[in-house]
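The structure file data_36.cif is reproduced below (mmCIF, C-alpha atoms).
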data_query
#
loop_
_atom_site.label_atom_id
_atom_site.label_comp_id
_atom_site.auth_asym_id
_atom_site.auth_seq_id
_atom_site.Cartn_x
_atom_site.Cartn_y
_atom_site.Cartn_z
CA MET A 1 5.58 -22.45 10.36
CA ARG A 2 5.53 -18.67 10.49
CA SER A 3 2.58 -16.91 8.85
CA LEU A 4 1.47 -13.28 8.67
CA ILE A 5 -2.23 -12.98 9.48
CA ASN A 6 -2.32 -9.82 11.58
CA ILE A 7 0.25 -7.00 11.60
CA LEU A 8 0.72 -7.70 15.32
CA ASP A 9 2.22 -11.08 14.38
CA LEU A 10 5.35 -9.03 13.68
CA SER A 11 7.30 -7.20 16.38
CA VAL A 12 8.38 -3.59 15.82
CA GLU A 13 11.96 -4.83 15.44
CA GLU A 14 10.91 -7.37 12.78
CA ILE A 15 8.98 -4.69 10.90
CA ASP A 16 11.93 -2.30 11.04
CA ARG A 17 14.27 -5.04 9.81
CA MET A 18 11.90 -5.91 6.96
CA LEU A 19 11.67 -2.25 5.94
CA ASP A 20 15.49 -2.13 5.96
CA VAL A 21 15.54 -5.12 3.61
CA ALA A 22 12.96 -3.42 1.37
CA ASP A 23 15.13 -0.30 1.25
CA ASP A 24 18.12 -2.45 0.32
CA ILE A 25 16.11 -4.21 -2.40
CA ILE A 26 15.21 -0.81 -3.90
CA ALA A 27 18.89 0.22 -3.85
CA ASN A 28 20.33 -3.13 -5.05
CA ARG A 29 17.79 -4.90 -7.25
CA GLU A 30 20.33 -7.29 -8.86
CA LYS A 31 21.45 -8.66 -5.50
CA TYR A 32 17.99 -10.14 -4.90
CA SER A 33 17.12 -11.30 -8.40
CA GLU A 34 17.69 -15.02 -7.78
CA VAL A 35 17.19 -15.48 -4.04
CA CYS A 36 13.89 -17.39 -4.50
CA HIS A 37 15.04 -19.47 -7.46
CA GLY A 38 13.09 -22.75 -7.43
CA LYS A 39 10.47 -21.47 -4.98
CA LYS A 40 6.77 -21.08 -5.80
CA LEU A 41 4.20 -18.65 -4.45
CA ALA A 42 0.51 -19.67 -4.59
CA THR A 43 -1.80 -16.68 -4.90
CA LEU A 44 -5.22 -17.84 -3.69
CA PHE A 45 -7.45 -14.88 -4.42
CA PHE A 46 -11.11 -15.62 -3.69
CA GLU A 47 -11.94 -11.94 -4.25
CA PRO A 48 -10.88 -9.60 -7.08
CA SER A 49 -7.77 -7.51 -6.57
CA THR A 50 -5.43 -5.64 -8.87
CA ARG A 51 -2.59 -4.16 -6.86
CA THR A 52 -2.24 -6.74 -4.16
CA ARG A 53 -2.22 -9.77 -6.45
CA LEU A 54 -0.04 -8.18 -9.11
CA SER A 55 2.40 -6.86 -6.54
CA PHE A 56 2.69 -10.29 -4.91
CA GLU A 57 3.28 -11.90 -8.29
CA ALA A 58 5.76 -9.22 -9.38
CA ALA A 59 7.53 -9.54 -6.02
CA MET A 60 8.00 -13.30 -6.42
CA TYR A 61 9.12 -13.01 -10.04
CA GLU A 62 11.64 -10.30 -9.12
CA LEU A 63 13.07 -12.62 -6.47
CA GLY A 64 13.60 -15.27 -9.17
CA GLY A 65 10.69 -17.46 -8.04
CA ASN A 66 7.52 -18.63 -9.74
CA VAL A 67 3.82 -18.06 -9.17
CA LEU A 68 0.69 -20.18 -9.48
CA GLY A 69 -2.86 -19.62 -8.32
CA PHE A 70 -6.24 -18.15 -9.17
CA SER A 71 -7.70 -14.66 -9.13
CA ALA A 72 -11.39 -15.30 -8.39
CA ALA A 73 -13.35 -17.85 -6.38
CA ALA A 74 -15.27 -18.76 -9.55
CA SER A 75 -12.09 -20.18 -11.10
CA SER A 76 -11.25 -22.35 -8.08
CA SER A 77 -12.87 -25.37 -6.45
CA ALA A 78 -14.47 -22.99 -3.95
CA SER A 79 -17.18 -22.65 -6.61
CA LYS A 80 -17.84 -26.39 -6.11
CA GLY A 81 -18.14 -25.92 -2.36
CA GLU A 82 -14.57 -26.78 -1.32
CA SER A 83 -13.61 -25.42 2.10
CA VAL A 84 -10.80 -22.92 2.65
CA ALA A 85 -8.95 -25.59 4.64
CA ASP A 86 -9.07 -28.12 1.80
CA THR A 87 -8.10 -25.59 -0.88
CA THR A 88 -5.13 -24.62 1.30
CA ARG A 89 -4.09 -28.24 1.91
CA MET A 90 -4.05 -28.71 -1.84
CA ALA A 91 -2.08 -25.51 -2.50
CA CYS A 92 0.64 -26.35 -0.01
CA CYS A 93 1.32 -29.56 -1.94
CA TYR A 94 2.40 -27.41 -4.88
CA ALA A 95 3.81 -24.20 -3.40
CA ASP A 96 6.36 -23.03 -0.82
CA ILE A 97 4.35 -20.04 0.38
CA ILE A 98 0.72 -18.90 0.06
CA ALA A 99 -0.81 -15.42 -0.28
CA MET A 100 -4.57 -15.51 0.34
CA ARG A 101 -7.30 -12.94 -0.16
CA HIS A 102 -10.80 -13.89 0.91
CA PRO A 103 -14.05 -11.95 1.35
CA LYS A 104 -14.75 -13.74 4.64
CA GLU A 105 -12.96 -12.54 7.74
CA GLY A 106 -10.65 -15.08 9.33
CA ALA A 107 -10.20 -17.27 6.23
CA PRO A 108 -6.39 -16.82 6.13
CA LEU A 109 -6.21 -17.80 9.80
CA VAL A 110 -8.11 -21.00 8.98
CA ALA A 111 -5.60 -21.62 6.17
CA SER A 112 -2.59 -21.03 8.44
CA LYS A 113 -3.86 -23.66 10.88
CA VAL A 114 -3.90 -26.48 8.32
CA THR A 115 -0.86 -25.80 6.18
CA SER A 116 2.81 -26.68 6.40
CA VAL A 117 3.90 -23.57 4.47
CA PRO A 118 3.69 -19.87 5.46
CA VAL A 119 0.40 -18.11 4.75
CA ILE A 120 0.23 -14.39 4.09
CA ASN A 121 -3.08 -12.65 4.67
CA ALA A 122 -3.59 -10.56 1.54
CA GLY A 123 -6.84 -9.10 2.89
CA ASP A 124 -9.79 -10.79 4.63
CA GLY A 125 -13.10 -8.98 4.30
CA GLY A 126 -13.19 -5.76 6.32
CA HIS A 127 -10.80 -7.24 8.86
CA ASN A 128 -7.01 -7.21 8.30
CA HIS A 129 -4.66 -6.34 5.48
CA PRO A 130 -1.16 -6.56 7.00
CA THR A 131 0.83 -6.33 3.76
CA GLN A 132 -0.90 -3.05 2.93
CA THR A 133 0.20 -1.87 6.36
CA LEU A 134 3.80 -2.84 5.65
CA THR A 135 3.44 -0.94 2.37
CA ASP A 136 2.11 2.12 4.19
CA LEU A 137 4.88 1.97 6.80
CA LEU A 138 7.59 1.67 4.14
CA THR A 139 6.15 4.63 2.21
CA ILE A 140 5.90 6.81 5.32
CA ARG A 141 9.42 5.91 6.43
CA ARG A 142 10.92 6.57 3.00
CA LYS A 143 9.10 9.89 2.67
CA LYS A 144 9.37 11.16 6.24
CA GLY A 145 12.54 9.38 7.31
CA ARG A 146 10.87 8.11 10.49
CA LEU A 147 7.91 6.20 11.90
CA ASN A 148 7.49 8.30 15.02
CA ASN A 149 6.50 11.84 16.00
CA PHE A 150 4.01 12.82 13.33
CA THR A 151 0.31 13.62 12.97
CA ILE A 152 -1.62 11.35 10.65
CA GLY A 153 -5.19 11.94 9.47
CA PHE A 154 -7.36 9.03 8.36
CA CYS A 155 -10.19 10.18 6.12
CA GLY A 156 -13.26 8.46 4.66
CA ASP A 157 -14.51 5.00 5.54
CA LEU A 158 -12.97 4.29 8.92
CA LYS A 159 -15.62 1.73 9.83
CA PHE A 160 -15.01 -0.92 7.19
CA GLY A 161 -11.54 0.25 6.09
CA ARG A 162 -9.34 -2.69 7.04
CA THR A 163 -6.20 -0.83 5.90
CA VAL A 164 -7.02 1.92 8.40
CA HIS A 165 -7.53 -0.53 11.26
CA SER A 166 -4.27 -2.34 10.55
CA LEU A 167 -2.22 0.86 10.13
CA ILE A 168 -3.56 2.40 13.34
CA THR A 169 -2.74 -0.85 15.16
CA ALA A 170 0.79 -0.82 13.77
CA LEU A 171 1.44 2.88 14.47
CA ALA A 172 0.21 2.51 18.06
CA ARG A 173 3.55 0.87 18.85
CA TYR A 174 5.59 3.90 17.77
CA GLU A 175 6.30 7.03 19.84
CA GLY A 176 4.70 10.43 19.40
CA ILE A 177 1.94 9.52 16.94
CA LYS A 178 -1.12 11.79 16.90
CA ILE A 179 -4.17 10.47 15.08
CA VAL A 180 -6.93 12.54 13.49
CA LEU A 181 -10.04 10.54 12.54
CA ILE A 182 -12.08 12.21 9.78
CA SER A 183 -15.30 10.49 8.72
CA PRO A 184 -19.05 10.87 8.50
CA ASP A 185 -20.85 9.69 11.64
CA GLU A 186 -22.00 6.49 9.90
CA LEU A 187 -18.44 5.46 9.02
CA LYS A 188 -16.62 6.22 12.27
CA LEU A 189 -13.79 4.05 13.51
CA PRO A 190 -15.25 1.06 15.43
CA SER A 191 -15.31 1.80 19.15
CA TYR A 192 -13.29 -1.29 20.04
CA ILE A 193 -10.33 -0.06 17.97
CA LYS A 194 -10.66 3.35 19.55
CA LYS A 195 -10.66 1.81 23.01
CA ASP A 196 -8.37 -1.22 22.64
CA VAL A 197 -5.79 0.37 20.37
CA ILE A 198 -5.88 4.15 20.63
CA LYS A 199 -6.97 4.82 24.21
CA ASN A 200 -5.21 1.83 25.79
CA ASN A 201 -1.91 2.91 24.22
CA GLY A 202 -2.38 6.49 25.41
CA ILE A 203 -2.36 7.88 21.87
CA GLU A 204 -3.51 11.43 21.36
CA TYR A 205 -6.45 11.53 18.96
CA VAL A 206 -9.11 13.82 17.57
CA GLN A 207 -12.37 12.83 15.89
CA THR A 208 -14.01 15.17 13.40
CA THR A 209 -16.21 15.32 10.33
CA ASP A 210 -14.39 18.36 8.87
CA LEU A 211 -11.39 17.51 6.68
CA GLU A 212 -10.56 21.08 5.71
CA ALA A 213 -10.43 22.25 9.32
CA VAL A 214 -7.76 19.73 10.31
CA LEU A 215 -5.81 19.55 7.04
CA PRO A 216 -3.21 22.21 8.06
CA GLU A 217 -2.15 20.10 11.08
CA LEU A 218 -1.40 16.93 9.20
CA ASP A 219 1.99 15.44 8.27
CA VAL A 220 0.36 12.41 6.64
CA LEU A 221 -3.13 12.21 5.13
CA TYR A 222 -4.44 8.69 4.57
CA MET A 223 -7.45 8.82 2.25
CA THR A 224 -9.77 5.85 1.81
CA ARG A 225 -12.53 4.84 -0.55
CA VAL A 226 -16.07 4.18 0.63
CA GLN A 227 -16.22 0.50 -0.32
CA GLN A 228 -19.40 -0.51 -2.07
CA GLU A 229 -18.76 -4.21 -1.45
CA ARG A 230 -18.93 -3.71 2.33
CA PHE A 231 -22.47 -2.33 2.23
CA PHE A 232 -25.60 -4.42 2.30
CA SER A 233 -27.63 -1.38 1.23
CA GLU A 234 -27.00 0.37 -2.10
CA GLU A 235 -28.84 3.45 -0.87
CA GLU A 236 -26.56 3.92 2.12
CA TYR A 237 -23.47 3.47 -0.07
CA ILE A 238 -24.56 6.14 -2.53
CA ARG A 239 -25.38 8.55 0.27
CA LEU A 240 -21.95 8.23 1.88
CA ARG A 241 -19.79 7.84 -1.22
CA ASP A 242 -19.24 11.55 -1.85
CA SER A 243 -18.60 12.57 1.76
CA TYR A 244 -14.99 13.67 1.20
CA ILE A 245 -13.34 14.68 -2.03
CA LEU A 246 -9.78 15.97 -1.83
CA THR A 247 -9.00 18.61 -4.45
CA ARG A 248 -5.92 20.63 -5.34
CA LYS A 249 -7.64 23.73 -3.99
CA LYS A 250 -8.23 22.19 -0.56
CA LEU A 251 -4.52 21.38 -0.40
CA ASP A 252 -3.66 25.11 -0.38
CA LYS A 253 -4.08 25.00 3.40
CA ALA A 254 -1.97 21.88 3.89
CA LYS A 255 1.70 21.68 4.92
CA GLU A 256 4.31 21.78 2.16
CA ASP A 257 5.76 18.47 3.30
CA LEU A 258 2.43 16.68 3.77
CA ILE A 259 2.30 13.24 2.18
CA ILE A 260 -1.00 11.96 0.80
CA LEU A 261 -1.48 8.20 0.85
CA HIS A 262 -4.31 6.01 -0.42
CA PRO A 263 -4.41 2.21 -0.50
CA LEU A 264 -6.13 2.43 -3.92
CA PRO A 265 -8.26 1.87 -5.90
CA ARG A 266 -9.75 5.33 -5.64
CA VAL A 267 -13.14 6.25 -7.02
CA ASN A 268 -13.59 9.99 -6.68
CA GLU A 269 -12.27 10.77 -3.21
CA ILE A 270 -9.02 12.20 -4.59
CA SER A 271 -9.55 14.45 -7.57
CA THR A 272 -7.17 13.69 -10.46
CA ASP A 273 -5.86 17.27 -10.29
CA VAL A 274 -4.08 16.24 -7.07
CA ASP A 275 -2.03 13.57 -8.87
CA ASP A 276 0.59 16.06 -10.10
CA ASP A 277 1.04 17.64 -6.69
CA PRO A 278 4.39 16.57 -5.19
CA ARG A 279 2.56 15.70 -1.98
CA ALA A 280 0.59 12.94 -3.74
CA CYS A 281 2.44 9.72 -2.90
CA TYR A 282 -0.19 7.04 -3.59
CA PHE A 283 1.29 5.71 -6.81
CA GLU A 284 4.74 5.52 -5.26
CA GLN A 285 3.03 3.78 -2.32
CA ALA A 286 1.76 1.10 -4.71
CA LEU A 287 5.33 0.59 -5.92
CA CYS A 288 6.57 0.30 -2.33
CA GLY A 289 4.03 -2.53 -1.97
CA LYS A 290 6.03 -4.73 -4.29
CA PHE A 291 9.33 -4.15 -2.51
CA VAL A 292 7.99 -4.74 0.96
CA ARG A 293 6.27 -7.94 -0.20
CA MET A 294 9.63 -9.09 -1.57
CA ALA A 295 11.14 -8.50 1.86
CA LEU A 296 8.22 -10.33 3.52
CA ILE A 297 8.42 -13.37 1.25
CA MET A 298 12.15 -13.63 1.99
CA GLU A 299 11.55 -13.31 5.74
CA LEU A 300 8.83 -15.98 5.82
CA LEU A 301 10.90 -18.34 3.68
CA GLY A 302 13.85 -17.80 6.00
CA ILE A 303 16.06 -16.26 3.32
CA HIS A 304 18.48 -13.73 4.77
CA LEU A 305 21.32 -12.10 2.87
CA ASP A 306 24.30 -10.56 4.65
CA MET B 1 -33.65 -29.05 54.00
CA ASN B 2 -31.62 -32.25 53.51
CA ILE B 3 -30.12 -33.52 50.28
CA ASP B 4 -28.28 -36.84 50.38
CA SER B 5 -24.52 -36.52 50.11
CA ILE B 6 -23.04 -38.04 46.98
CA LYS B 7 -20.54 -40.89 46.74
CA GLU B 8 -19.20 -40.33 43.22
CA GLY B 9 -19.89 -37.09 41.47
CA LEU B 10 -19.60 -33.32 41.35
CA VAL B 11 -20.80 -30.46 43.48
CA ILE B 12 -20.99 -27.16 41.63
CA ASP B 13 -20.85 -24.64 44.42
CA HIS B 14 -20.81 -20.85 44.81
CA ILE B 15 -23.18 -20.31 41.90
CA THR B 16 -24.54 -16.78 41.90
CA ALA B 17 -28.10 -17.05 43.28
CA GLY B 18 -30.51 -17.43 40.37
CA ASN B 19 -27.96 -18.85 37.92
CA ALA B 20 -28.43 -22.56 38.65
CA MET B 21 -31.19 -23.17 36.11
CA ARG B 22 -29.26 -21.27 33.44
CA ILE B 23 -26.23 -23.51 34.03
CA TYR B 24 -28.48 -26.59 34.12
CA ASN B 25 -29.91 -25.74 30.71
CA LEU B 26 -26.81 -24.39 28.96
CA LEU B 27 -24.58 -27.26 30.02
CA GLY B 28 -27.19 -29.82 28.96
CA PHE B 29 -27.72 -31.36 32.39
CA ASP B 30 -31.32 -32.07 31.39
CA LYS B 31 -29.94 -34.87 29.20
CA LEU B 32 -28.19 -36.66 32.08
CA GLU B 33 -29.81 -39.77 33.53
CA CYS B 34 -28.15 -39.63 36.96
CA SER B 35 -29.63 -37.92 40.01
CA ILE B 36 -29.20 -34.15 40.04
CA ALA B 37 -30.11 -31.78 42.84
CA ILE B 38 -30.59 -28.11 42.20
CA ILE B 39 -30.52 -26.16 45.42
CA LYS B 40 -31.46 -22.52 45.18
CA ASN B 41 -31.01 -19.59 47.53
CA VAL B 42 -28.79 -21.34 50.05
CA ASN B 43 -27.49 -19.05 52.80
CA SER B 44 -23.82 -18.23 52.30
CA LYS B 45 -21.50 -16.24 54.54
CA LYS B 46 -19.48 -15.06 51.58
CA MET B 47 -22.22 -14.51 49.02
CA GLY B 48 -25.35 -13.90 51.08
CA LYS B 49 -27.32 -16.31 48.87
CA LYS B 50 -26.00 -18.87 46.42
CA ASP B 51 -27.14 -21.82 44.32
CA ILE B 52 -25.64 -25.31 44.31
CA ILE B 53 -25.95 -28.16 41.82
CA LYS B 54 -25.10 -31.71 42.90
CA ILE B 55 -24.56 -34.33 40.20
CA ASP B 56 -24.46 -37.97 41.25
CA SER B 57 -21.98 -39.03 38.57
CA ASN B 58 -18.43 -38.10 37.58
CA ILE B 59 -19.28 -36.52 34.25
CA ASP B 60 -16.98 -34.43 32.06
CA ILE B 61 -18.01 -30.88 32.60
CA ASN B 62 -17.32 -27.92 30.32
CA LEU B 63 -15.37 -25.70 32.71
CA GLU B 64 -14.90 -23.02 30.05
CA ALA B 65 -18.66 -22.65 29.68
CA LEU B 66 -19.12 -22.68 33.42
CA GLY B 67 -16.49 -19.97 33.91
CA TYR B 68 -18.03 -17.88 31.17
CA ILE B 69 -21.54 -18.08 32.64
CA ASP B 70 -20.56 -17.52 36.25
CA PRO B 71 -16.87 -16.95 37.15
CA GLY B 72 -16.17 -17.65 40.81
CA ILE B 73 -17.90 -21.01 40.85
CA THR B 74 -16.12 -23.96 42.48
CA VAL B 75 -16.43 -27.55 41.33
CA ASP B 76 -15.84 -30.21 44.00
CA VAL B 77 -14.93 -33.67 42.73
CA ILE B 78 -16.23 -36.41 45.06
CA ARG B 79 -14.89 -39.97 45.06
CA ASP B 80 -15.79 -42.61 47.68
CA SER B 81 -17.77 -39.90 49.45
CA LYS B 82 -14.59 -37.84 49.88
CA LEU B 83 -13.63 -34.50 48.41
CA VAL B 84 -10.62 -35.30 46.20
CA GLU B 85 -10.34 -32.11 44.19
CA LYS B 86 -11.63 -28.54 44.36
CA ARG B 87 -11.52 -26.65 41.07
CA HIS B 88 -11.87 -22.88 41.08
CA VAL B 89 -13.46 -21.73 37.85
CA ASP B 90 -12.47 -18.31 36.58
CA LEU B 91 -13.36 -16.39 33.45
CA PRO B 92 -11.61 -18.52 30.79
CA GLU B 93 -9.04 -17.04 28.40
CA THR B 94 -10.59 -18.97 25.52
CA LEU B 95 -13.98 -20.47 24.75
CA HIS B 96 -14.45 -23.44 22.43
CA GLY B 97 -17.91 -24.34 21.18
CA VAL B 98 -19.69 -22.22 23.78
CA LEU B 99 -20.67 -19.17 21.71
CA ARG B 100 -21.47 -18.70 18.02
CA CYS B 101 -20.09 -15.79 16.00
CA LYS B 102 -22.91 -13.67 14.61
CA ASN B 103 -20.81 -11.60 12.19
CA PRO B 104 -22.18 -12.39 8.69
CA ARG B 105 -18.73 -11.57 7.25
CA CYS B 106 -16.96 -14.17 9.42
CA ILE B 107 -15.63 -17.32 7.75
CA THR B 108 -17.55 -19.38 10.34
CA SER B 109 -20.80 -18.03 8.87
CA VAL B 110 -20.22 -20.02 5.66
CA GLU B 111 -18.02 -22.89 6.84
CA GLN B 112 -20.20 -24.42 9.51
CA GLU B 113 -17.80 -27.24 10.41
CA LEU B 114 -15.20 -24.80 11.79
CA SER B 115 -14.95 -24.81 15.56
CA GLN B 116 -16.34 -21.71 17.22
CA GLU B 117 -13.50 -20.15 19.18
CA PHE B 118 -13.48 -16.96 21.20
CA MET B 119 -10.75 -15.20 23.18
CA LEU B 120 -11.04 -12.95 26.22
CA THR B 121 -9.81 -9.48 25.20
CA ASP B 122 -11.07 -7.37 28.10
CA ARG B 123 -11.33 -9.14 31.46
CA GLU B 124 -12.73 -6.13 33.28
CA ASN B 125 -15.68 -5.79 30.93
CA ARG B 126 -15.92 -9.54 30.11
CA VAL B 127 -15.42 -8.98 26.39
CA TYR B 128 -14.86 -12.03 24.19
CA ARG B 129 -13.97 -11.78 20.51
CA CYS B 130 -14.14 -14.35 17.75
CA VAL B 131 -10.60 -15.59 17.00
CA TYR B 132 -11.33 -15.50 13.25
CA CYS B 133 -12.93 -12.10 12.68
CA GLU B 134 -12.47 -10.44 16.11
CA ALA B 135 -16.18 -9.55 16.26
CA LYS B 136 -17.43 -9.05 19.80
CA ALA B 137 -19.53 -11.86 21.25
CA ASN B 138 -23.02 -10.79 22.21
#
Show the structure stored in the file as structure tokens.
Amino acid sequence: MRSLINILDLSVEEIDRMLDVADDIIANREKYSEVCHGKKLATLFFEPSTRTRLSFEAAMYELGGNVLGFSAAASSSASKGESVADTTRMACCYADIIAMRHPKEGAPLVASKVTSVPVINAGDGGHNHPTQTLTDLLTIRRKKGRLNNFTIGFCGDLKFGRTVHSLITALARYEGIKIVLISPDELKLPSYIKKDVIKNNGIEYVQTTDLEAVLPELDVLYMTRVQQERFFSEEEYIRLRDSYILTRKKLDKAKEDLIILHPLPRVNEISTDVDDDPRACYFEQALCGKFVRMALIMELLGIHLD
Amino acid sequence: MNIDSIKEGLVIDHITAGNAMRIYNLLGFDKLECSIAIIKNVNSKKMGKKDIIKIDSNIDINLEALGYIDPGITVDVIRDSKLVEKRHVDLPETLHGVLRCKNPRCITSVEQELSQEFMLTDRENRVYRCVYCEAKAN
């Protein structure tokens, strides 16, 4: 049974096809309104989430399917000590497809090994978040018209930012991508991603601590939040939280056709005065998340329309 | 120096000199009740010096662990005093139950019954990563 645990589980061709389906869903909503009639999605969320869970649920409802599940470990049998494997075995008795978020890295992989239905990794700790990557790719392609030949800056927490790791991994397979890594020294991209993904694929990259200096070069700016839940030390979190704050004024130096993305939620790293700027695409990005998850659910359930 | 040849058993040969005791301990040979010979610093044309372990019993041996500790080792299987098989042990692509993941965010840190699995991601630098969280083994 096909699952999506890591973005590399999908080939470039499969991703492109799924983005085509997402585009078609956006253009022809009615056509897809009943394709999952009678199917159920189990959302097993062991960690709080707003966008990801709601977008999965909205996606399934818009495909004519139903949703069951839980939104916190405390409201599941995990609070009684049940293993991920057993919770998954139970869920696949009741659902046709599972979306799982878990604070521990690798939990969705464990689930995919014991279930007879597809499992979608909806985020596992600081590790992978492939559906956010599909969301990011759809947004970039819709805004830029392509997934090759552009310069993308990643700014903020590049160490624990799973969305950053997954997106870099996905973009490494496209031509002409230049990557600019902007972070404080303490939150630099892990060296294994730099070596295994960026260097091994011959991707041009720059590493800097100065956002303003590199802003004029960027076609895409991917902002991230410094995530409190990834820190064991409160002191270190507070020290690094305010490293980068994007304001309207700073954008004066940026390209006119720059697109600003953020996986959300934001705290203070993008000032609210940026929201009205036409280059701010993060809310539209959240909307793209629903459509690409619709395309993914259809793909994993083997539903293909002509 | 003479060590009796074995009739039924294994000869772990081409061990990097100095590694024999490490293999003996890590593979739990101290728990075996059969005769075991550890021969250190044997002259070798190919290696200069090498270690050899002879086990006087056909036990199941963890080749993954052996390959991880010392790739290049050979394991000779002896039956009726004859060499019936020569296994060349290389750095394994996967490791099961040999290493433990030390990442506190890994699912294996809270679900102890999960098997510990690692995959080889960089042969040149001998880098293994946990299959669950991709943390580097150390």
Checklist entry - Once the PyMOL selection byres ((chain B) within 12 of (chain A)) has been applied to the shown file, what residues remain in the selection, as a PyMOL selection string? => result chain B and resi 101+103-117+121-122+125+127-136
Checklist entry - What does the distance between atom CA of A:Cys155 and atom CA of A:Phe45 come to in Å, to one decimal place? => result 27.3 Å
Checklist entry - Just how far from atom CA of B:Phe29 is atom CA of B:Lys49, in Å to one decimal? => result 22.3 Å
Next on the checklist: Residue by residue, what does the PyMOL selection byres ((chain B and resi 11) around 9) grab here? Present the result as a list in words.
Outcome noted: Ile6, Gly9, Leu10, Ile12, Asp13, Ile52, Ile53, Lys54, Ile55, Asp56, Thr74, Val75, Asp76, Val77 and Ile78 of chain B
Checklist entry - Written as an NGL selection string, what is the full residue list that the PyMOL selection byres ((chain B and resi 82-90) around 9) yields on the file shown? => result :B and (6-8 or 63-64 or 66-68 or 70-81 or 91-93)
Checklist entry - What is the atom CA of A:Arg225 to atom CA of A:Arg239 distance in Å? => result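 So the two atoms, atom CA of A:Arg225 and atom CA of A:Arg239, lie 13.4 Å apart.
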Checklist entry - Contacts of A:Lys250 at 9 Å or less, counting only C-alpha atoms, minus same-chain residues fewer than 3 places along, as a list of chain:residue names? => result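 Here the answer would be A:Glu212, A:Leu215, A:Leu246, A:Thr247, A:Lys253, A:Ala254.
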Checklist entry - Smallest atom-to-atom distance to A:Ser271: which of A:Leu147, A:Leu187, A:Ile245, A:Asn28, using all atoms listed in the file? => result A:Ile245
Next on the checklist: Distance cut-off 10 Å, centre (1.3, -10.3, -4.9) in file coordinates, counting only C-alpha atoms: which residues qualify? Return them as a list in words.
Outcome noted: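 Neighbouring residues, ordered by chain and number, come to Leu41, Ala42, Thr43, Phe45, Ser49, Thr50, Arg51, Thr52, Arg53, Leu54, Ser55, Phe56, Glu57, Ala58, Ala59, Met60, Tyr61, Val67, Ile98, Ala99, Met100, Ile120, Ala122, Thr131, Gly289, Lys290, Arg293, Met294 and Ile297 of chain A.
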Next on the checklist: So, with only C-alpha atoms as the atoms that count, which of A:Pro263, A:Pro130, A:Gly64, A:Pro48 lies closest to A:Phe154?
Outcome noted: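 Under the stated criterion, the closest residue is A:Pro263.
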Checklist entry - When distances are computed from all atoms listed in the file, which of A:Ile193, A:Val274, A:Leu138, A:His37 shows the smallest separation from A:Asp24? => result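 Going through A:Ile193, A:Val274, A:Leu138, A:His37 one by one, the smallest distance to A:Asp24 is for A:Leu138.
The residue set within 8 Å of A:Ala170, counting all atoms listed in the file and dropping same-chain residues fewer than 5 places from it, reads A:Ile7, A:Leu8, A:Thr133.
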Identify, on the basis of all atoms listed in the file, every residue whose closest approach to A:Arg279 does not exceed 9 Å; exclude the query and any residue fewer than 3 positions from it along the same chain; express the result as a CSV table (one decimal) with C-alpha atoms, keeping the file's coordinate frame.
chain,number,residue,atom,x,y,z
A,256,GLU,CA,4.3,21.8,2.2
A,257,ASP,CA,5.8,18.5,3.3
A,258,LEU,CA,2.4,16.7,3.8
A,259,ILE,CA,2.3,13.2,2.2
A,260,ILE,CA,-1.0,12.0,0.8
A,261,LEU,CA,-1.5,8.2,0.8
A,274,VAL,CA,-4.1,16.2,-7.1
A,275,ASP,CA,-2.0,13.6,-8.9
A,276,ASP,CA,0.6,16.1,-10.1
